[in-house]
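Comments concern the structure below.
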Amino acid sequence: MQWTTRQTAMAEQGYIASDDLAMAVHLALSLGRPLLLEGAAGVGKTEVARVLATICDTQLIRLQCYEGLDAAQAIYEWNYQRQLLTIRAAAEDGETGRSVEQRIFSEEFLLERPLLKAIRQPQPPVLLIDEIDRADEEFEAYLLEVLSEYQISVPELGTLTATSRPIVILTANGSRDLSDALRRRCLYAHVDYPDRETELAILKARCGEVEDRLANQIIGFVQSLRQEELEKKPGIAEMLDFSAALMGLGIADLTEDPKLLQASLATLLKTEADRFNITTEIAQRLAGQAA
Amino acid sequence: MSQVTKFAARDPGPAARMAGFTAHLRAHGLRVGVGEADIALRALTHVQASNPEETRRALKTVCTGCAEDVAQFDNLFDSYWLNGGRVRQKIMPGLSETNSGSVQSSRPANTRQVAAGAGETTAPDDGNGEVEADGTGKLVATTVQNLMKKDLRDLVQPEDIAEAEVIARRLGAALRDRRSRRRKAARKGDQIHFRKLIRQSLSTGGEPLSLPKKHRPERPLKIAALCDVSGSMTLYAQVFLAFLAGLMRADPATDAYLFHTRLVRIADALRDKDTLRALGRLSVLADGFGGGSKIGQSLTQFSRTYARRFVDGRTVVLILSDGYDTNAPELLGTALAKLKNRGCKIIWLNPLKGWDGYQPIARGMAAALPHLDLFRPANRLADLAALEPELTRL
């Protein structure tokens, strides 16, 4: 399969991928290797996984990382409450210790968490490991093992090998440096804010009813807003919210009502300092340039 | 297409070219190994390898690992594969090009010329050892590496170390009060360890007689200390070295470095049980003590080499320096930003800050400020002791 075919398939699902990203996705699928996506928040890293799941017509399994994430939340846990009840019930019935033990440490009592679930699907799912840089180094090291062996060992049950190899997408936005070992295990793509044409295509794909002139203005405005000194630059999701807000307010031209424009900036600027810095004058100047 | 590199006739084939390319990337600081060459070749079977743009994208995906790599990659790709049709002689790994010279090429040479005042300048050292040629004429400033061997035993007294050790121990303890977010089995704890409970209750017919607990274990913060021993710091070096020695003794996991015009790891020397012998070993290492200061360069070197191995999210980087730098301030800023990106905390202790009316106007210091978690004065042991509450809060 050609990488352009993947790009088109993604576009049909409303995801406009840059050439670099489409190639990375293509190779990740063809070579069966994990793909690490890095980039600022709001550039559509997570969305890649969702779209891939739709294209491949398979399940999306998501593991959200956070500091202190451990095996019990990421891989598996025993259903302790049920185990306890079973032991009590078995004691009443006079069942022997050995058979109880075998019963309560069977798969029936195993709670699958995302990593285990992902390797035990009949059809390869898309496994999204979101914000891997939030998890700590220990988890990263464990993940490396899972990603290279595709098997998980549970002391009471033995080794559970993968029935299918999931398509793994990892995302990171640079809250800390990832280990070289993890980077080397993965294919890599850096996802940047889209250029003008791509972003316009995204807007058209997601929000078809917006007029050409306004769409051009919106993209011009958002793109030049990203050039300003901001604490948090608006991402693609923010741009789409902004367009929806403008449509909802019935604005056909950005320069037509400074007050309304300023109010709708709430969808783009998410910190107080940014709101303060982008005054009505600046917003009007940017809108004027975009028009 | 015409600018695609022509390979020499004895070229053994695509695999060797790919190996040559990965060697080319490695020579320019990208972290690629044998595995990548293999994946790269396999990747090319999935794209139209005859199309340079497709090949470029495919190889970029495989061979890069971070945003900086991506920024470099296009040029490296062009210089290897799209060489304007010239014949590439050497395709086997082991390229002679290295980037080691790039850092020290122009700027240090200039400062030397200024410093030397008159006569021949001293040949720039290559960063690992003695100066190659000594200049004639007068040395005016201390930007030139001072080769006079100073005996650190004159500088640090054993009793100072004992005092510093007490303080260092307290500071270390203040930093170490950090609890993990994971839970581990423990005698006392705030949560029940269910896994253990089930196991134990099996033997009593499902009756949980004892409740095993789990708690959040303490996970110590490590300290990596970098001490400036350039000419301008000579006065304070005594205190700081004693402090470093104390830190090392309080916690063996501490890492220590000295820098002046280059960076030296002194952790192993300081770990020596015999205090005086430790200082003796140190004097040998610290050859160049009291010379010029290249903070930016030293920190860049640190963040590129040692920091990769020793600095992580649970490290506190302690810099003891006055911030007078002969390197450009931007270098210091980027080095600190890079260090910060590893998730560590950075504390800068500046002896000059203790002076009345001190403003961090040394350009290096000003560039460093935005990256620091804590910026405090320290010119006596008492000042260091006063840091304790601040560190607890960090």
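Following the order of the structure tokens, first chain is A, next is B, and so on, with residues numbered from 1 inside each chain and ligands from 1 in the order they appear.
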Distance-based interface of chain B with chain A, 7 Å, counting only C-alpha atoms, as a ChimeraX atom specification: /B:43,47,57-58,61-62,64-65,67,181-182,194,198,205-206,341-343
Selection: 12 Å around Val146 of chain A, only C-alpha atoms, excl. self and same-chain fewer than 5 positions, as a count of residues only: 23
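Excluding segment 260-265 of chain A and any residue on its chain fewer than 6 positions from it, the residues at most 9 Å away by only C-alpha atoms are A:Phe242, A:Ala245, A:Leu246, A:Leu249, A:Ile251, A:Leu254, A:Arg275, A:Ile278, A:Thr279, A:Thr280, A:Ala283, A:Gln284.
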Test item, strand (DSSP E) assignment across segment 39-74 of chain A, answer as a list in words: Leu60, Ile61, Arg62, Leu63 and Gln64 of chain A
Can those selected residues be exported to a file as a CSV table (one decimal), in the first residue's frame so that it contains N, CA and C atoms?
```csv
chain,number,residue,atom,x,y,z
A,60,LEU,N,-10.2,1.0,19.7
A,60,LEU,CA,-9.2,1.9,20.2
A,60,LEU,C,-9.1,1.7,21.8
A,61,ILE,N,-7.9,1.3,22.2
A,61,ILE,CA,-7.7,1.1,23.6
A,61,ILE,C,-6.7,2.2,24.1
A,62,ARG,N,-7.1,2.9,25.1
A,62,ARG,CA,-6.4,4.1,25.5
A,62,ARG,C,-5.8,4.0,26.9
A,63,LEU,N,-4.6,4.3,27.0
A,63,LEU,CA,-4.0,4.3,28.4
A,63,LEU,C,-3.5,5.7,28.6
A,64,GLN,N,-4.1,6.4,29.5
A,64,GLN,CA,-3.7,7.8,29.9
A,64,GLN,C,-2.7,7.7,30.9
```
DSSP alpha helix (DSSP H) residues within segment 308-362 of chain B, listed as a PyMOL selection string: chain B and resi 308-310+329-340
Computed interatomic separation between atom CA of Lys45 of chain A and atom CA of Leu128 of chain A (Å): 10.1 Å
12 Å contact set for Glu330 of chain B, only C-alpha atoms, chain neighbours under 5 positions out, as an MDAnalysis selection string: chainID B and resid 295:297 299:300 325 335:337 363:369
Output file for the residues above (N, CA and C atoms, as a JSON list (two decimals), in the first residue's frame):
```json
[["chain", "number", "residue", "atom", "x", "y", "z"],
["B", 295, "ILE", "N", 31.49, 29.11, 31.83],
["B", 295, "ILE", "CA", 30.34, 28.45, 32.45],
["B", 295, "ILE", "C", 29.44, 27.84, 31.38],
["B", 296, "GLY", "N", 29.14, 28.65, 30.36],
["B", 296, "GLY", "CA", 28.24, 28.18, 29.32],
["B", 296, "GLY", "C", 28.73, 26.90, 28.69],
["B", 297, "GLN", "N", 30.02, 26.90, 28.33],
["B", 297, "GLN", "CA", 30.58, 25.73, 27.68],
["B", 297, "GLN", "C", 30.59, 24.52, 28.61],
["B", 299, "LEU", "N", 28.63, 23.93, 31.16],
["B", 299, "LEU", "CA", 27.29, 23.41, 31.40],
["B", 299, "LEU", "C", 26.74, 22.71, 30.17],
["B", 300, "THR", "N", 27.08, 23.23, 29.00],
["B", 300, "THR", "CA", 26.65, 22.55, 27.77],
["B", 300, "THR", "C", 27.24, 21.15, 27.74],
["B", 325, "ASP", "N", 31.11, 34.87, 33.15],
["B", 325, "ASP", "CA", 31.31, 33.88, 32.11],
["B", 325, "ASP", "C", 31.99, 34.53, 30.92],
["B", 335, "ALA", "N", 21.95, 25.89, 27.61],
["B", 335, "ALA", "CA", 22.42, 24.73, 28.38],
["B", 335, "ALA", "C", 21.48, 24.47, 29.55],
["B", 336, "LEU", "N", 21.10, 25.53, 30.25],
["B", 336, "LEU", "CA", 20.22, 25.37, 31.41],
["B", 336, "LEU", "C", 18.84, 24.90, 30.98],
["B", 337, "ALA", "N", 18.34, 25.46, 29.86],
["B", 337, "ALA", "CA", 17.02, 25.06, 29.38],
["B", 337, "ALA", "C", 17.02, 23.57, 29.06],
["B", 363, "ARG", "N", 25.96, 39.25, 32.43],
["B", 363, "ARG", "CA", 25.03, 38.85, 31.37],
["B", 363, "ARG", "C", 24.69, 37.37, 31.46],
["B", 364, "GLY", "N", 25.69, 36.58, 31.85],
["B", 364, "GLY", "CA", 25.44, 35.15, 31.98],
["B", 364, "GLY", "C", 24.38, 34.89, 33.03],
["B", 365, "MET", "N", 24.51, 35.60, 34.15],
["B", 365, "MET", "CA", 23.58, 35.41, 35.26],
["B", 365, "MET", "C", 22.17, 35.78, 34.83],
["B", 366, "ALA", "N", 22.06, 36.88, 34.10],
["B", 366, "ALA", "CA", 20.74, 37.34, 33.66],
["B", 366, "ALA", "C", 20.10, 36.30, 32.74],
["B", 367, "ALA", "N", 20.94, 35.68, 31.89],
["B", 367, "ALA", "CA", 20.40, 34.68, 30.96],
["B", 367, "ALA", "C", 19.97, 33.43, 31.71],
["B", 368, "ALA", "N", 20.64, 33.18, 32.85],
["B", 368, "ALA", "CA", 20.36, 31.94, 33.58],
["B", 368, "ALA", "C", 19.08, 32.05, 34.40],
["B", 369, "LEU", "N", 18.80, 33.26, 34.91],
["B", 369, "LEU", "CA", 17.73, 33.43, 35.89],
["B", 369, "LEU", "C", 16.40, 32.76, 35.55]]
```
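Each of A:Arg6, A:Arg103, A:Gln223, A:Leu110 was checked against Val154 of chain A using only C-alpha atoms; the smallest atom-to-atom distance is that of A:Leu110.
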